[in-house]
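J.: My structure file coords_5.txt, compact mmCIF, C-alpha atoms, is below:
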# COMPACT_ATOMS: atom_id res chain seq x y z
CA MET M 1 0.00 0.00 0.00
CA LYS M 2 2.79 2.39 0.97
CA THR M 3 4.65 1.42 -2.19
CA LEU M 4 1.64 2.16 -4.32
CA ALA M 5 1.23 5.58 -2.68
CA LEU M 6 4.89 6.35 -3.30
CA LEU M 7 4.63 5.29 -6.93
CA VAL M 8 1.54 7.44 -7.47
CA ALA M 9 3.25 10.43 -5.80
CA THR M 10 6.35 9.92 -7.95
CA LEU M 11 4.34 9.79 -11.16
CA VAL M 12 2.22 12.81 -10.21
CA ALA M 13 5.37 14.79 -9.45
CA ALA M 14 6.89 13.75 -12.78
CA VAL M 15 3.75 14.78 -14.68
CA ALA M 16 3.80 18.17 -12.93
CA VAL M 17 7.47 18.75 -13.79
CA GLY M 18 6.81 17.61 -17.35
CA PHE M 19 3.93 20.02 -17.94
CA ILE M 20 5.65 22.97 -16.27
CA SER M 21 8.80 22.48 -18.33
CA LYS M 22 6.75 22.17 -21.54
CA LYS M 23 5.06 25.45 -20.72
CA ARG M 24 8.30 27.28 -19.94
CA GLN M 25 10.13 25.82 -22.90
CA GLY M 26 11.54 28.54 -25.14
CA ARG M 27 9.75 31.39 -23.37
CA PHE M 28 11.53 34.73 -23.57
CA VAL M 29 12.45 36.05 -20.15
CA GLU M 30 13.51 39.66 -19.97
CA LYS M 31 16.69 39.97 -18.04
CA LYS M 32 19.23 42.70 -17.73
CA ASN M 33 22.64 41.25 -17.20
CA PHE M 34 25.33 43.69 -16.22
CA HIS M 35 28.20 41.27 -16.38
CA PRO M 36 31.03 42.27 -18.70
CA LEU M 37 29.68 42.70 -22.22
CA VAL M 38 29.92 39.82 -24.66
CA THR M 39 32.41 40.70 -27.38
CA ALA M 40 32.81 39.61 -30.98
CA ASP M 41 36.18 38.09 -30.04
CA GLU M 42 34.60 35.77 -27.51
CA VAL M 43 32.01 34.40 -29.89
CA GLY M 44 34.31 34.43 -32.91
CA GLN M 45 31.93 36.46 -35.06
CA GLU M 46 30.75 40.08 -35.44
CA LEU M 47 27.69 40.90 -33.35
CA GLY M 48 24.55 42.17 -35.10
CA SER M 49 24.23 45.93 -35.48
CA VAL M 50 20.83 45.88 -33.77
CA ALA M 51 20.83 42.67 -31.76
CA THR M 52 22.36 39.22 -31.61
CA LEU M 53 20.74 35.91 -30.78
CA LEU M 54 23.52 33.98 -29.15
CA GLN M 55 22.59 30.31 -29.03
CA PHE M 56 24.48 27.98 -26.70
CA SER M 57 24.36 24.38 -27.88
CA SER M 58 25.93 21.04 -27.12
CA ALA M 59 27.03 18.63 -29.79
CA PHE M 60 23.89 17.78 -31.76
CA CYS M 61 21.36 17.86 -28.93
CA THR M 62 17.99 17.43 -30.62
CA GLN M 63 16.49 20.58 -29.18
CA CYS M 64 19.55 22.59 -30.17
CA ARG M 65 18.94 21.65 -33.76
CA ALA M 66 15.27 22.58 -33.50
CA THR M 67 16.31 25.95 -32.04
CA ARG M 68 18.83 26.54 -34.82
CA GLN M 69 16.20 25.84 -37.47
CA VAL M 70 13.73 28.28 -35.91
CA LEU M 71 16.31 31.04 -35.48
CA GLU M 72 17.82 30.62 -38.95
CA ASN M 73 14.34 30.79 -40.35
CA VAL M 74 13.29 33.95 -38.49
CA VAL M 75 16.44 36.07 -38.35
CA PRO M 76 16.89 36.89 -42.08
CA SER M 77 13.65 38.92 -42.12
CA PHE M 78 15.02 41.24 -39.42
CA PRO M 79 17.89 43.40 -40.72
CA GLY M 80 20.71 44.02 -38.26
CA ILE M 81 19.95 40.91 -36.24
CA THR M 82 22.48 38.10 -36.25
CA HIS M 83 22.18 34.52 -35.09
CA ILE M 84 25.34 33.02 -33.65
CA GLU M 85 25.50 29.45 -32.40
CA ILE M 86 28.37 28.40 -30.18
CA ASP M 87 29.30 25.18 -28.42
CA ALA M 88 28.72 25.55 -24.69
CA GLU M 89 31.42 23.09 -23.65
CA SER M 90 34.15 24.91 -25.54
CA HIS M 91 33.04 28.33 -24.19
CA LEU M 92 32.83 27.45 -20.51
CA GLU M 93 34.07 30.86 -19.39
CA LEU M 94 31.16 32.55 -21.14
CA VAL M 95 28.78 29.84 -19.91
CA ARG M 96 29.79 30.60 -16.34
CA ARG M 97 29.65 34.34 -16.73
CA LEU M 98 26.17 34.29 -18.26
CA HIS M 99 24.99 31.60 -15.82
CA ILE M 100 23.93 29.15 -18.50
CA ASN M 101 22.84 25.85 -17.03
CA GLN M 102 21.46 23.89 -19.92
CA THR M 103 21.39 23.74 -23.69
CA PRO M 104 19.88 25.12 -25.77
CA THR M 105 19.85 28.58 -24.19
CA THR M 106 19.48 31.59 -26.46
CA ILE M 107 20.78 34.88 -25.11
CA PHE M 108 19.40 38.04 -26.70
CA LEU M 109 22.16 40.64 -26.82
CA ASN M 110 21.74 44.31 -27.70
CA SER M 111 24.14 46.04 -30.10
CA GLU M 112 26.67 46.54 -27.32
CA GLY M 113 26.70 42.89 -26.32
CA GLN M 114 24.64 43.29 -23.18
CA GLU M 115 22.05 40.67 -22.37
CA ILE M 116 18.47 41.89 -22.65
CA GLY M 117 16.81 38.54 -22.15
CA ARG M 118 17.00 34.82 -22.76
CA ALA M 119 15.01 31.80 -23.81
CA VAL M 120 15.83 28.41 -22.32
CA GLY M 121 14.85 25.41 -24.43
CA ALA M 122 13.65 25.40 -28.02
CA PRO M 123 11.50 28.48 -28.75
CA LYS M 124 8.60 28.54 -31.17
CA LYS M 125 8.82 30.74 -34.25
CA SER M 126 6.03 33.01 -32.98
CA GLN M 127 7.82 33.52 -29.67
CA VAL M 128 11.01 34.70 -31.38
CA VAL M 129 9.15 36.94 -33.85
CA ALA M 130 7.23 38.60 -30.99
CA VAL M 131 10.49 39.51 -29.24
CA LEU M 132 12.32 40.68 -32.36
CA GLU M 133 9.45 42.92 -33.41
CA LYS M 134 9.86 44.85 -30.16
CA ILE M 135 13.59 45.39 -30.55
CA MET I 136 34.30 5.37 -21.90
CA SER I 137 34.48 4.70 -25.60
CA GLN I 138 34.25 7.40 -28.28
CA PRO I 139 31.10 9.53 -28.42
CA GLU I 140 28.84 8.22 -31.15
CA PHE I 141 25.79 9.54 -32.97
CA ILE I 142 22.62 7.73 -32.11
CA ASP I 143 18.97 7.81 -33.09
CA ALA I 144 17.57 10.52 -30.80
CA ARG I 145 14.32 8.58 -30.34
CA GLY I 146 16.10 5.53 -28.94
CA PRO I 147 16.78 6.80 -25.40
CA ARG I 148 13.13 7.74 -25.00
CA PHE I 149 12.04 4.25 -25.97
CA SER I 150 14.56 2.71 -23.57
CA ALA I 151 13.27 4.95 -20.80
CA GLY I 152 9.76 3.54 -21.35
CA ILE I 153 10.96 -0.03 -20.84
CA THR I 154 13.10 1.06 -17.90
CA THR I 155 10.04 2.63 -16.25
CA ALA I 156 8.02 -0.58 -16.65
CA VAL I 157 10.85 -2.81 -15.38
CA LEU I 158 11.44 -0.60 -12.34
CA VAL I 159 7.74 -0.41 -11.47
CA PHE I 160 7.64 -4.22 -11.46
CA ALA I 161 10.83 -4.30 -9.39
CA LEU I 162 9.38 -1.82 -6.91
CA PHE I 163 6.35 -3.99 -6.19
CA THR I 164 7.77 -7.49 -6.48
CA ARG I 165 11.21 -6.74 -4.95
CA LEU I 166 12.58 -9.42 -7.26
CA ASP I 167 16.37 -9.17 -7.19
CA VAL I 168 16.62 -10.39 -10.74
CA LEU I 169 14.75 -7.35 -12.10
CA ILE I 170 17.03 -4.84 -10.43
CA PHE I 171 20.14 -6.82 -11.47
CA TRP I 172 18.87 -6.83 -15.01
CA GLN I 173 18.32 -3.07 -15.02
CA LEU I 174 21.74 -2.52 -13.47
CA ALA I 175 23.29 -4.60 -16.27
CA VAL I 176 21.40 -2.62 -18.93
CA PHE I 177 22.57 0.71 -17.49
CA THR I 178 26.12 -0.59 -17.20
CA VAL I 179 26.28 -1.45 -20.89
CA ALA I 180 24.52 1.78 -21.94
CA ALA I 181 26.60 4.10 -19.77
CA PHE I 182 30.05 2.51 -20.09
CA TYR I 183 29.97 0.80 -23.46
CA SER I 184 27.32 1.88 -25.95
CA MET I 185 23.64 2.79 -25.81
CA PRO I 186 22.69 1.06 -29.08
CA MET I 187 24.43 -2.11 -27.85
CA SER I 188 22.42 -2.26 -24.62
CA PRO I 189 19.56 -4.80 -24.65
CA TYR I 190 16.90 -2.09 -25.04
CA GLY I 191 18.97 -0.42 -27.77
CA ILE I 192 19.21 -3.69 -29.69
CA PHE I 193 15.49 -4.33 -29.31
CA TYR I 194 14.79 -0.76 -30.47
CA ARG I 195 16.91 -1.15 -33.61
CA LYS I 196 15.74 -4.63 -34.56
CA VAL I 197 12.04 -4.36 -33.75
CA ILE I 198 10.97 -0.73 -33.46
CA VAL I 199 13.04 1.18 -36.04
CA PRO I 200 11.80 -0.89 -39.04
CA ARG I 201 8.26 0.19 -38.11
CA LEU I 202 9.07 3.90 -37.84
CA LYS I 203 8.72 6.33 -40.70
CA GLY I 204 11.11 9.09 -41.63
CA PRO I 205 14.82 9.53 -41.18
CA ALA I 206 16.25 9.14 -37.72
CA PRO I 207 17.05 12.45 -36.00
CA LEU I 208 20.62 12.02 -34.85
CA GLU I 209 22.13 13.30 -31.65
CA SER I 210 25.38 12.91 -29.84
CA SER I 211 25.23 10.05 -27.37
CA LYS I 212 27.21 12.03 -24.82
CA PRO I 213 24.33 13.74 -22.94
CA PRO I 214 22.02 10.68 -22.89
CA ARG I 215 24.92 8.50 -21.82
CA PHE I 216 25.56 10.84 -18.96
CA ALA I 217 21.89 10.33 -18.10
CA GLN I 218 22.39 6.56 -18.22
CA LEU I 219 25.27 7.01 -15.81
CA VAL I 220 22.98 8.87 -13.40
CA GLY I 221 20.44 6.03 -13.79
CA PHE I 222 23.22 3.55 -13.13
CA GLY I 223 24.03 5.35 -9.86
CA PHE I 224 20.43 5.20 -8.64
CA VAL I 225 19.98 1.55 -9.59
CA LEU I 226 23.31 0.68 -7.97
CA VAL I 227 22.00 2.15 -4.71
CA ALA I 228 18.73 0.23 -5.20
CA THR I 229 20.72 -2.98 -5.77
CA ILE I 230 22.68 -2.46 -2.57
CA GLY I 231 19.36 -1.88 -0.81
CA ALA I 232 17.95 -5.11 -2.23
CA LEU I 233 21.04 -7.18 -1.41
CA THR I 234 21.14 -5.95 2.18
CA HIS I 235 17.34 -6.07 2.51
CA THR I 236 17.35 -2.36 3.34
CA TRP I 237 14.00 -1.95 1.66
CA ALA I 238 13.60 1.75 2.45
CA LEU I 239 16.81 2.47 0.53
CA PHE I 240 15.75 0.19 -2.31
CA THR I 241 12.32 1.84 -2.56
CA VAL I 242 13.56 5.43 -2.52
CA ALA I 243 16.34 4.83 -5.06
CA THR I 244 14.02 2.90 -7.37
CA ALA I 245 11.32 5.58 -7.13
CA ALA I 246 13.88 8.31 -7.96
CA CYS I 247 14.92 6.38 -11.04
CA ILE I 248 11.27 5.83 -12.06
CA PHE I 249 10.76 9.60 -11.76
CA ALA I 250 13.54 10.35 -14.23
CA ALA I 251 12.75 7.48 -16.62
CA PHE I 252 9.05 8.29 -16.71
CA LEU I 253 9.72 11.99 -17.37
CA ASN I 254 11.96 10.99 -20.23
CA SER I 255 9.53 8.55 -21.83
CA ALA I 256 6.33 10.54 -21.33
CA PHE I 257 7.57 14.09 -21.93
CA ASP I 258 10.85 13.60 -23.78
CA TYR I 259 12.33 15.47 -20.83
CA CYS I 260 15.84 14.22 -20.30
CA LEU I 261 16.78 15.08 -16.74
CA GLY I 262 20.32 13.85 -17.26
CA CYS I 263 20.68 15.96 -20.41
CA LYS I 264 19.52 19.05 -18.52
CA VAL I 265 22.10 18.60 -15.80
CA TYR I 266 24.83 17.56 -18.26
CA LEU I 267 26.13 21.10 -18.75
CA LEU I 268 25.94 21.67 -15.00
CA GLY I 269 28.04 18.55 -14.58
CA VAL I 270 30.60 19.80 -17.10
CA LYS I 271 30.69 23.17 -15.30
CA LEU I 272 31.27 21.55 -11.95
CA THR I 273 33.88 19.06 -13.08
CA THR I 274 35.94 21.44 -15.26
CA PRO I 275 38.22 23.66 -13.20
CA LYS I 276 38.00 27.39 -13.77
CA ARG I 277 40.86 28.92 -15.64
Would you write the structure of this file as structure tokens?
T.:
Amino acid sequence: MKTLALLVATLVAAVAVGFISKKRQGRFVEKKNFHPLVTADEVGQELGSVATLLQFSSAFCTQCRATRQVLENVVPSFPGITHIEIDAESHLELVRRLHINQTPTTIFLNSEGQEIGRAVGAPKKSQVVAVLEKI
Amino acid sequence: MSQPEFIDARGPRFSAGITTAVLVFALFTRLDVLIFWQLAVFTVAAFYSMPMSPYGIFYRKVIVPRLKGPAPLESSKPPRFAQLVGFGFVLVATIGALTHTWALFTVATAACIFAAFLNSAFDYCLGCKVYLLGVKLTTPKR
């Protein structure tokens, strides 16, 4: 009886975590980050003149690829916005400074390289468009 | 560990479904053989190769031929890290079973069911989420 109760509690907890994470997945969270600015040198590419979507990925994680496809699809229709994808494991210093805990995480940088917000997990196209239209 | 390989990204989710079922049976029946079996599966998956684990073989031989579309590939590194976490939990559960410390066995098994069920039902890979955290913690700062 106790075992059954524990199993039910475990499964209920898992379902709750599952739904919450699905809901939060890819949502843009506004966040001012005043850590040292991200520079073109660090990411190995010029930043966008208006904004940069800096995507942290790990080697071929499925969601990272989904994120890349969405961002590559959306970004060309916004002039001055650049999408840069970098490997989290080989940029650990940046990962630590920006407090990135999982991949994919997309950091939205302004023209100076300051974080204005982030999306953890694979965002939907509409979510990205909504943010970029406001920039 | 052997070289990182590229695996069918749907495979780990399928394996997690079987793992959940096996562990639920183990939780209720307390049959040693079930927990030994799961420990063996995690050992192969974490330390040798995921596609060569029993569930991986079953997935390739029986499930893949029935699936449509090309396999989405992913690096096996994050899911293998997850298998390693699973291995840790099941190892604790095995020790609990061998010493008849049933509270230990039950808690460890339930924790593993939590992660495996999340993976199979929601495609939420707990191990993959904490993988980068693990890398951060184990790589010294420069």
J.: Can I get the residues of chain I within 7 Å of chain M, each with the closest pair of atoms and their distance in Å to one decimal, using all atoms listed in the file, sorted chain first then ascending number, as JSON lines?
T.:
{"residue": "I:Ala144", "atom": "CA", "partner": "M:Thr62", "partner_atom": "CA", "distance": 6.9}
{"residue": "I:Phe163", "atom": "CA", "partner": "M:Thr3", "partner_atom": "CA", "distance": 6.9}
{"residue": "I:Glu209", "atom": "CA", "partner": "M:Phe60", "partner_atom": "CA", "distance": 4.8}
{"residue": "I:Ser210", "atom": "CA", "partner": "M:Phe60", "partner_atom": "CA", "distance": 5.4}
{"residue": "I:Ala245", "atom": "CA", "partner": "M:Thr10", "partner_atom": "CA", "distance": 6.6}
{"residue": "I:Phe249", "atom": "CA", "partner": "M:Ala14", "partner_atom": "CA", "distance": 5.8}
{"residue": "I:Leu253", "atom": "CA", "partner": "M:Ala14", "partner_atom": "CA", "distance": 5.7}
{"residue": "I:Phe257", "atom": "CA", "partner": "M:Gly18", "partner_atom": "CA", "distance": 5.8}
{"residue": "I:Tyr259", "atom": "CA", "partner": "M:Gly18", "partner_atom": "CA", "distance": 6.9}
{"residue": "I:Lys264", "atom": "CA", "partner": "M:Gln102", "partner_atom": "CA", "distance": 5.4}
{"residue": "I:Val265", "atom": "CA", "partner": "M:Gln102", "partner_atom": "CA", "distance": 6.7}
{"residue": "I:Leu267", "atom": "CA", "partner": "M:Gln102", "partner_atom": "CA", "distance": 5.6}
{"residue": "I:Leu268", "atom": "CA", "partner": "M:Asn101", "partner_atom": "CA", "distance": 5.6}
J.: Identify, on the basis of all atoms listed in the file, every residue whose closest approach to Phe28 of chain M does not exceed 9 Å; exclude the query and any residue fewer than 5 positions from it along the same chain; express the result as a ChimeraX atom specification.
T.: /M:117-120,123,127-128,131
J.: Would you list the contacts of Thr164 of chain I as JSON, numbers by chain, taking every protein, DNA or RNA residue within 12 Å and counting all atoms listed in the file, but skipping same-chain residues closer than 2 positions in sequence?
T.: {"M": [3, 4], "I": [157, 158, 159, 160, 161, 162, 166, 167, 168, 169, 170, 232, 237, 240, 241]}
J.: Identify, on the basis of only C-alpha atoms, every residue whose closest approach to Ala175 of chain I does not exceed 12 Å; exclude the query and any residue fewer than 5 positions from it along the same chain; express the result as a PyMOL selection string.
T.: chain I and resi 154+168-170+180-183+187-190+218-219+221-223+225-226+229
J.: What does the distance between atom CA of Val220 of chain I and atom CA of Cys247 of chain I come to in Å, to one decimal place?
T.: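 Rounded to one decimal, the two atoms are 8.8 Å apart.
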J.: Could you state the separation of atom CA of Leu37 of chain M and atom CA of Lys271 of chain I in Å, given to one decimal place?
T.: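 According to the coordinates, atom CA of Leu37 of chain M and atom CA of Lys271 of chain I are separated by 20.7 Å.
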J.: Any idea what's packed within 12 Å of Glu112 of chain M, counting all atoms listed in the file, ignoring anything in its chain fewer than 5 positions away? Could you give it as a VMD selection string?
T.: chain M and resid 34 36 to 40 46 to 52
J.: Using all atoms listed in the file, list the residues that have an atom at most 10 Å from (20.6, 35.1, -22.0), coordinates as in the file, as a list of chain:residue names.
T.: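 Counting all atoms listed in the file, I find these residues within 10 Å of (20.6, 35.1, -22.0): M:Phe28, M:Val29, M:Glu30, M:Lys31, M:Lys32, M:Asn33, M:Leu53, M:Leu54, M:Gln55, M:Phe56, M:Val95, M:Leu98, M:His99, M:Ile100, M:Thr105, M:Thr106, M:Ile107, M:Phe108, M:Leu109, M:Gln114, M:Glu115, M:Ile116, M:Gly117, M:Arg118, M:Ala119, M:Val120.
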J.: Just give me the gap between atom CA of Ala217 of chain I and atom CA of Arg27 of chain M in Å, one decimal is fine.
T.: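 We find that atom CA of Ala217 of chain I and atom CA of Arg27 of chain M lie 24.9 Å from each other.
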J.: Using all atoms listed in the file, which residue out of I:Pro213, I:Gly191, I:Pro207, I:Gly146 lies closest to Phe177 of chain I?
T.: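 So, comparing all the options, the nearest one is I:Gly191.
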J.: I'd like the neighbourhood of Glu72 of chain M as a list of chain:residue names, where a residue qualifies if any of its atoms comes within 8 Å (using only C-alpha atoms), though same-chain residues fewer than 4 positions away should be ignored.
T.: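 Near Glu72 of chain M, the qualifying residues are M:Arg68, M:Pro76, M:His83.
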J.: Of the candidates I:Val270, I:Leu239, I:Cys263, I:Ala256, which shows the shortest atom-to-atom distance to Ile153 of chain I, using all atoms listed in the file?
T.: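 Checking each of I:Val270, I:Leu239, I:Cys263, I:Ala256 against Ile153 of chain I, counting all atoms listed in the file, the winner is I:Ala256.
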J.: Find the residue from I:Leu233, I:Leu261, I:Ala251, I:Val179 that sits nearest to Thr155 of chain I; use all atoms listed in the file when measuring.
T.: I:Ala251
J.: Could you tell me which of M:Asp87, M:Ala130, M:Lys23, M:Glu42 comes closest to Val74 of chain M if we count all atoms listed in the file?
T.: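 Going through M:Asp87, M:Ala130, M:Lys23, M:Glu42 one by one, the smallest distance to Val74 of chain M is for M:Ala130.
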J.: Could N, CA and C atoms be built for segment 55-72 of chain M and written out as an mmCIF file, in the coordinates of the input?
T.:
data_model
loop_
_atom_site.group_PDB
_atom_site.id
_atom_site.type_symbol
_atom_site.label_atom_id
_atom_site.label_comp_id
_atom_site.auth_asym_id
_atom_site.auth_seq_id
_atom_site.Cartn_x
_atom_site.Cartn_y
_atom_site.Cartn_z
ATOM 1 N N GLN M 55 23.128 31.612 -29.429
ATOM 2 C CA GLN M 55 22.590 30.310 -29.030
ATOM 3 C C GLN M 55 23.690 29.396 -28.499
ATOM 4 N N PHE M 56 23.534 28.939 -27.287
ATOM 5 C CA PHE M 56 24.480 27.980 -26.700
ATOM 6 C C PHE M 56 23.951 26.576 -26.941
ATOM 7 N N SER M 57 24.784 25.743 -27.550
ATOM 8 C CA SER M 57 24.360 24.380 -27.880
ATOM 9 C C SER M 57 25.382 23.376 -27.374
ATOM 10 N N SER M 58 24.956 22.116 -27.310
ATOM 11 C CA SER M 58 25.930 21.040 -27.120
ATOM 12 C C SER M 58 25.865 20.181 -28.368
ATOM 13 N N ALA M 59 26.893 19.406 -28.564
ATOM 14 C CA ALA M 59 27.030 18.630 -29.790
ATOM 15 C C ALA M 59 25.727 17.920 -30.135
ATOM 16 N N PHE M 60 25.046 18.435 -31.148
ATOM 17 C CA PHE M 60 23.890 17.780 -31.760
ATOM 18 C C PHE M 60 22.768 17.404 -30.806
ATOM 19 N N CYS M 61 22.546 18.168 -29.733
ATOM 20 C CA CYS M 61 21.360 17.860 -28.930
ATOM 21 C C CYS M 61 20.147 18.185 -29.798
ATOM 22 N N THR M 62 19.127 17.342 -29.696
ATOM 23 C CA THR M 62 17.990 17.430 -30.620
ATOM 24 C C THR M 62 17.328 18.810 -30.550
ATOM 25 N N GLN M 63 17.154 19.301 -29.334
ATOM 26 C CA GLN M 63 16.490 20.580 -29.180
ATOM 27 C C GLN M 63 17.339 21.727 -29.694
ATOM 28 N N CYS M 64 18.676 21.545 -29.641
ATOM 29 C CA CYS M 64 19.550 22.590 -30.170
ATOM 30 C C CYS M 64 19.328 22.736 -31.658
ATOM 31 N N ARG M 65 19.143 21.613 -32.313
ATOM 32 C CA ARG M 65 18.940 21.650 -33.760
ATOM 33 C C ARG M 65 17.602 22.301 -34.083
ATOM 34 N N ALA M 66 16.590 21.966 -33.296
ATOM 35 C CA ALA M 66 15.270 22.580 -33.500
ATOM 36 C C ALA M 66 15.374 24.094 -33.324
ATOM 37 N N THR M 67 16.128 24.515 -32.296
ATOM 38 C CA THR M 67 16.310 25.950 -32.040
ATOM 39 C C THR M 67 17.014 26.618 -33.210
ATOM 40 N N ARG M 68 18.077 25.972 -33.695
ATOM 41 C CA ARG M 68 18.830 26.540 -34.820
ATOM 42 C C ARG M 68 17.910 26.751 -36.016
ATOM 43 N N GLN M 69 17.084 25.737 -36.300
ATOM 44 C CA GLN M 69 16.200 25.840 -37.470
ATOM 45 C C GLN M 69 15.234 27.005 -37.325
ATOM 46 N N VAL M 70 14.668 27.173 -36.131
ATOM 47 C CA VAL M 70 13.730 28.280 -35.910
ATOM 48 C C VAL M 70 14.444 29.618 -36.075
ATOM 49 N N LEU M 71 15.616 29.754 -35.452
ATOM 50 C CA LEU M 71 16.310 31.040 -35.480
ATOM 51 C C LEU M 71 16.810 31.372 -36.890
ATOM 52 N N GLU M 72 17.332 30.367 -37.590
ATOM 53 C CA GLU M 72 17.820 30.620 -38.950
ATOM 54 C C GLU M 72 16.682 31.000 -39.883
#
